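> I have a structure here, written as structure tokens, and I will follow up with some questions on it.
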Amino acid sequence: MAVPPRHSLLTALFGPPRSPERALKIGGTAFTLCGILCLGSAFDLLVRGSRPATSLFCGSIGLLFLGAGSGFLLMPLLPKRKRQWIRMAGTPVKAKVIEIRHDRTFGLQTTWDDWSPWVIAAEVEEGLGKKATFTSHYLWVNPQVFFPVGSEVTVYRHPGKPTDYAFEFEQLPETV
């Protein structure tokens with residue numbers, strides 16, 4: 001069995017490079033491991049019967065780190081779950097891609113475009129001359145090859161709240 005390259009293992013575990021989800025997952029893992037280490041130290045001190053105040057301090061620090069790490073690990077899942085639910089229960093609408101751009105309001109402010117995420121803006125006619133515009137979640141791969149300007153993309157709208165929506169990007173690799 002061939003061993004996959006280190007880069008693909010990191011991408012499989014933590015997500016695409018430079019994504020906020022990856023930073024949260026790596027930080028959450030580090031905080032969780034520190035919390036487990038502190039709780040283990042507290043338990044060891046408690047079992048030995050020496051220094052109960054130190055054991056209490058280590059245990060409380062461990063719980064603090066464990067809670068923060070768990071929060072960091074769960075934060076990226078909430079918007080992803082919401083998008084999955086909207087795609088499952090929502091109403092599909094075919095929208096026309098009107099713009100593909102880098103969102104430079106997020107990430108590092110550099111001159112390199114690959115450090116900012118891509119977003120797709122799509123528009124749909126709602127009748128009587130009204131148009132609805134949708135902006136996708138952050139994409140960390142270039143979507144121009146798969147969805148050029150003028151092409152159609154499927155957008156699912158929340159059944160009870162039309163301002164909530166989710167794009168469907170089955171063709172894009174590494175979307176979150």
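By order in the structure tokens, chains are A, B, ...; within a chain, residues start at 1; ligands start at 1, following the order shown.
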Running DSSP on the backbone, which parts of stretch 34-116 of chain A land in strand (DSSP E), as a PDB file with C-alpha atoms, in the first residue's frame?

```pdb
ATOM      1  CA  THR A  91     -35.959  24.808  -2.760  1.00  0.00           C
ATOM      2  CA  PRO A  92     -33.495  24.611  -5.682  1.00  0.00           C
ATOM      3  CA  VAL A  93     -33.189  27.662  -7.918  1.00  0.00           C
ATOM      4  CA  LYS A  94     -31.047  28.001 -11.037  1.00  0.00           C
ATOM      5  CA  ALA A  95     -29.058  31.226 -10.786  1.00  0.00           C
ATOM      6  CA  LYS A  96     -26.786  32.861 -13.367  1.00  0.00           C
ATOM      7  CA  VAL A  97     -23.185  33.490 -12.309  1.00  0.00           C
ATOM      8  CA  ILE A  98     -22.560  37.228 -12.643  1.00  0.00           C
ATOM      9  CA  GLU A  99     -19.202  37.573 -10.894  1.00  0.00           C
ATOM     10  CA  ILE A 100     -16.264  35.545  -9.564  1.00  0.00           C
ATOM     11  CA  ARG A 101     -13.848  37.440  -7.366  1.00  0.00           C
ATOM     12  CA  HIS A 102     -11.388  37.275  -4.511  1.00  0.00           C
TER      13      HIS A 102
END
```
> Neighbouring residues of stretch 21-25 of chain A were defined as those with any atom within 6 Å, considering only C-alpha atoms; residues of the same chain fewer than 5 positions away were excluded. Please report them as a PyMOL selection string.
chain A and resi 14-15+72-73+76
> Restricting the output to all heavy atoms, write the selected residues as a short mmCIF file (atom, residue, chain, number, x, y, z; two decimals), in the first residue's frame.

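What landed in part.cif:
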```cif
data_model
loop_
_atom_site.label_atom_id
_atom_site.label_comp_id
_atom_site.auth_asym_id
_atom_site.auth_seq_id
_atom_site.Cartn_x
_atom_site.Cartn_y
_atom_site.Cartn_z
N PHE A 14 -7.16 18.39 8.04
CA PHE A 14 -7.47 19.73 8.51
C PHE A 14 -8.14 20.63 7.48
O PHE A 14 -8.53 21.74 7.78
CB PHE A 14 -6.20 20.42 9.00
CG PHE A 14 -5.58 19.74 10.19
CD1 PHE A 14 -4.34 19.14 10.10
CD2 PHE A 14 -6.25 19.70 11.39
CE1 PHE A 14 -3.78 18.51 11.18
CE2 PHE A 14 -5.69 19.08 12.49
CZ PHE A 14 -4.46 18.47 12.39
N GLY A 15 -8.26 20.21 6.22
CA GLY A 15 -8.91 21.04 5.21
C GLY A 15 -7.90 21.71 4.30
O GLY A 15 -6.69 21.54 4.44
N PHE A 72 -13.28 25.36 19.29
CA PHE A 72 -12.59 25.61 18.02
C PHE A 72 -12.86 24.50 17.01
O PHE A 72 -12.97 24.75 15.81
CB PHE A 72 -11.08 25.74 18.22
CG PHE A 72 -10.64 27.03 18.83
CD1 PHE A 72 -9.42 27.13 19.49
CD2 PHE A 72 -11.42 28.17 18.76
CE1 PHE A 72 -9.00 28.32 20.06
CE2 PHE A 72 -11.02 29.36 19.33
CZ PHE A 72 -9.80 29.43 19.97
N LEU A 73 -12.95 23.26 17.48
CA LEU A 73 -13.20 22.15 16.57
C LEU A 73 -14.65 22.12 16.08
O LEU A 73 -14.91 21.69 14.96
CB LEU A 73 -12.86 20.82 17.26
CG LEU A 73 -11.38 20.56 17.48
CD1 LEU A 73 -11.18 19.30 18.32
CD2 LEU A 73 -10.64 20.44 16.16
N PRO A 76 -16.23 25.34 12.92
CA PRO A 76 -16.36 25.21 11.47
C PRO A 76 -17.53 24.32 11.04
O PRO A 76 -18.00 24.42 9.92
CB PRO A 76 -15.04 24.59 11.02
CG PRO A 76 -14.11 24.76 12.14
CD PRO A 76 -14.92 24.89 13.38
#
```
> Rank A:Gly27, A:Arg157, A:Gly59, A:Phe167 by their smallest atom-to-atom distance to A:Met75, using only C-alpha atoms, and report the top residue only.
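Counting only C-alpha atoms, the residue closest to A:Met75 is A:Gly27.
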> To one decimal in Å, tell me the separation between atom CA of A:Pro52 and atom CA of A:Leu66.
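Straight-line distance from atom CA of A:Pro52 to atom CA of A:Leu66 works out to 20.5 Å.
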> Quick one: pull the distance between atom CA of A:Leu39 and atom CA of A:Gly62, Å, one decimal.
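Atom-to-atom, atom CA of A:Leu39 to atom CA of A:Gly62, that is 4.9 Å.
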> Would you pick out the contacts of stretch 119-128 of chain A at 10 Å or less, using only C-alpha atoms, so that residues sharing its chain but fewer than 2 positions from it are not included, and give the list as a PyMOL selection string?
chain A and resi 93-103+116-117+130-144+147-155+167
> Go ahead and dump the residues you just picked, N, CA, C and O atoms, as a short mmCIF file (atom, residue, chain, number, x, y, z; two decimals), in the first residue's frame.

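So the final result, stored in out08.cif, reads:
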```cif
data_model
loop_
_atom_site.label_atom_id
_atom_site.label_comp_id
_atom_site.auth_asym_id
_atom_site.auth_seq_id
_atom_site.Cartn_x
_atom_site.Cartn_y
_atom_site.Cartn_z
N VAL A 93 -32.98 26.58 -6.96
CA VAL A 93 -33.19 27.66 -7.92
C VAL A 93 -31.95 27.71 -8.82
O VAL A 93 -30.82 27.62 -8.33
N LYS A 94 -32.17 27.84 -10.11
CA LYS A 94 -31.05 28.00 -11.04
C LYS A 94 -30.72 29.48 -11.14
O LYS A 94 -31.55 30.29 -11.53
N ALA A 95 -29.49 29.83 -10.76
CA ALA A 95 -29.06 31.23 -10.79
C ALA A 95 -27.92 31.38 -11.79
O ALA A 95 -27.14 30.45 -12.01
N LYS A 96 -27.82 32.56 -12.37
CA LYS A 96 -26.79 32.86 -13.37
C LYS A 96 -25.59 33.50 -12.66
O LYS A 96 -25.74 34.46 -11.89
N VAL A 97 -24.40 32.95 -12.91
CA VAL A 97 -23.18 33.49 -12.31
C VAL A 97 -22.90 34.84 -12.94
O VAL A 97 -22.78 34.96 -14.17
N ILE A 98 -22.82 35.89 -12.12
CA ILE A 98 -22.56 37.23 -12.64
C ILE A 98 -21.16 37.73 -12.30
O ILE A 98 -20.67 38.66 -12.94
N GLU A 99 -20.53 37.11 -11.29
CA GLU A 99 -19.20 37.57 -10.89
C GLU A 99 -18.47 36.49 -10.11
O GLU A 99 -19.07 35.78 -9.31
N ILE A 100 -17.16 36.40 -10.35
CA ILE A 100 -16.26 35.54 -9.56
C ILE A 100 -15.12 36.43 -9.14
O ILE A 100 -14.46 37.06 -9.98
N ARG A 101 -14.88 36.52 -7.83
CA ARG A 101 -13.85 37.44 -7.37
C ARG A 101 -13.19 36.92 -6.10
O ARG A 101 -13.69 36.04 -5.44
N HIS A 102 -12.04 37.52 -5.79
CA HIS A 102 -11.39 37.28 -4.51
C HIS A 102 -12.03 38.18 -3.47
O HIS A 102 -12.26 39.35 -3.72
N ASP A 103 -12.34 37.65 -2.32
CA ASP A 103 -12.84 38.45 -1.21
C ASP A 103 -11.65 38.85 -0.36
O ASP A 103 -11.16 38.07 0.45
N SER A 116 -6.37 35.01 -0.60
CA SER A 116 -7.74 35.40 -0.28
C SER A 116 -8.68 34.39 -0.91
O SER A 116 -8.42 33.86 -1.96
N PRO A 117 -9.81 34.16 -0.25
CA PRO A 117 -10.76 33.17 -0.78
C PRO A 117 -11.54 33.70 -1.98
O PRO A 117 -11.70 34.89 -2.15
N LYS A 130 -37.77 42.11 -10.43
CA LYS A 130 -36.95 41.98 -9.23
C LYS A 130 -35.93 40.86 -9.42
O LYS A 130 -36.24 39.83 -10.01
N LYS A 131 -34.74 41.11 -8.91
CA LYS A 131 -33.69 40.11 -8.97
C LYS A 131 -33.15 39.87 -7.57
O LYS A 131 -33.04 40.79 -6.77
N ALA A 132 -32.81 38.62 -7.31
CA ALA A 132 -32.17 38.27 -6.04
C ALA A 132 -30.71 37.91 -6.33
O ALA A 132 -30.43 37.18 -7.28
N THR A 133 -29.81 38.44 -5.54
CA THR A 133 -28.38 38.18 -5.71
C THR A 133 -27.90 37.34 -4.54
O THR A 133 -28.21 37.62 -3.39
N PHE A 134 -27.13 36.30 -4.86
CA PHE A 134 -26.60 35.40 -3.85
C PHE A 134 -25.07 35.43 -3.92
O PHE A 134 -24.50 35.51 -5.00
N THR A 135 -24.43 35.37 -2.77
CA THR A 135 -22.97 35.31 -2.70
C THR A 135 -22.60 34.01 -2.00
O THR A 135 -23.11 33.71 -0.92
N SER A 136 -21.70 33.26 -2.60
CA SER A 136 -21.34 31.95 -2.06
C SER A 136 -20.50 32.06 -0.80
O SER A 136 -19.99 33.13 -0.46
N HIS A 137 -20.34 30.94 -0.13
CA HIS A 137 -19.41 30.86 0.99
C HIS A 137 -17.99 30.88 0.41
O HIS A 137 -17.80 30.81 -0.80
N TYR A 138 -16.99 30.98 1.28
CA TYR A 138 -15.61 31.06 0.81
C TYR A 138 -15.18 29.77 0.13
O TYR A 138 -15.42 28.69 0.63
N LEU A 139 -14.55 29.94 -1.03
CA LEU A 139 -14.01 28.81 -1.78
C LEU A 139 -12.50 28.98 -1.84
O LEU A 139 -12.00 30.06 -2.13
N TRP A 140 -11.77 27.90 -1.61
CA TRP A 140 -10.32 27.98 -1.57
C TRP A 140 -9.68 27.38 -2.80
O TRP A 140 -8.48 27.12 -2.84
N VAL A 141 -10.49 27.13 -3.84
CA VAL A 141 -10.00 26.74 -5.16
C VAL A 141 -10.64 27.68 -6.16
O VAL A 141 -11.72 28.22 -5.93
N ASN A 142 -9.97 27.87 -7.29
CA ASN A 142 -10.47 28.77 -8.31
C ASN A 142 -11.70 28.17 -9.00
O ASN A 142 -11.59 27.15 -9.68
N PRO A 143 -12.88 28.78 -8.86
CA PRO A 143 -14.09 28.21 -9.45
C PRO A 143 -14.33 28.60 -10.90
O PRO A 143 -15.30 28.15 -11.51
N GLN A 144 -13.47 29.44 -11.48
CA GLN A 144 -13.72 29.96 -12.83
C GLN A 144 -13.74 28.87 -13.89
O GLN A 144 -14.46 29.00 -14.88
N PHE A 147 -17.32 27.05 -13.10
CA PHE A 147 -18.50 27.92 -13.20
C PHE A 147 -18.10 29.27 -13.78
O PHE A 147 -17.96 30.24 -13.05
N PRO A 148 -17.91 29.37 -15.09
CA PRO A 148 -17.53 30.67 -15.67
C PRO A 148 -18.70 31.65 -15.58
O PRO A 148 -19.85 31.27 -15.40
N VAL A 149 -18.38 32.93 -15.70
CA VAL A 149 -19.41 33.96 -15.68
C VAL A 149 -20.39 33.69 -16.83
O VAL A 149 -20.00 33.43 -17.95
N GLY A 150 -21.67 33.74 -16.50
CA GLY A 150 -22.71 33.45 -17.48
C GLY A 150 -23.28 32.04 -17.36
O GLY A 150 -24.34 31.76 -17.90
N SER A 151 -22.59 31.16 -16.67
CA SER A 151 -23.10 29.80 -16.50
C SER A 151 -24.13 29.76 -15.37
O SER A 151 -24.34 30.73 -14.66
N GLU A 152 -24.77 28.62 -15.23
CA GLU A 152 -25.78 28.46 -14.20
C GLU A 152 -25.23 27.65 -13.03
O GLU A 152 -24.42 26.75 -13.22
N VAL A 153 -25.70 28.00 -11.85
CA VAL A 153 -25.34 27.29 -10.63
C VAL A 153 -26.62 27.07 -9.83
O VAL A 153 -27.56 27.87 -9.91
N THR A 154 -26.66 25.98 -9.09
CA THR A 154 -27.84 25.68 -8.29
C THR A 154 -27.69 26.30 -6.90
O THR A 154 -26.68 26.09 -6.23
N VAL A 155 -28.70 27.06 -6.50
CA VAL A 155 -28.74 27.67 -5.17
C VAL A 155 -30.01 27.15 -4.50
O VAL A 155 -31.09 27.18 -5.09
N PHE A 167 -25.22 27.32 -1.78
CA PHE A 167 -24.82 26.93 -3.12
C PHE A 167 -24.52 25.44 -3.15
O PHE A 167 -24.14 24.86 -2.14
#
```
> For the atom pair atom CA of A:Arg81 and atom CA of A:Leu64, what is the interatomic distance in Å to one decimal place?
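Taking atom CA of A:Arg81 as the start and atom CA of A:Leu64 as the end point, the length is 25.7 Å.
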> Using only C-alpha atoms, which residue out of A:Leu74, A:Ala166, A:Ala53, A:Met88 lies closest to A:Gly28?
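Ranked by minimum distance to A:Gly28, first place goes to A:Leu74.
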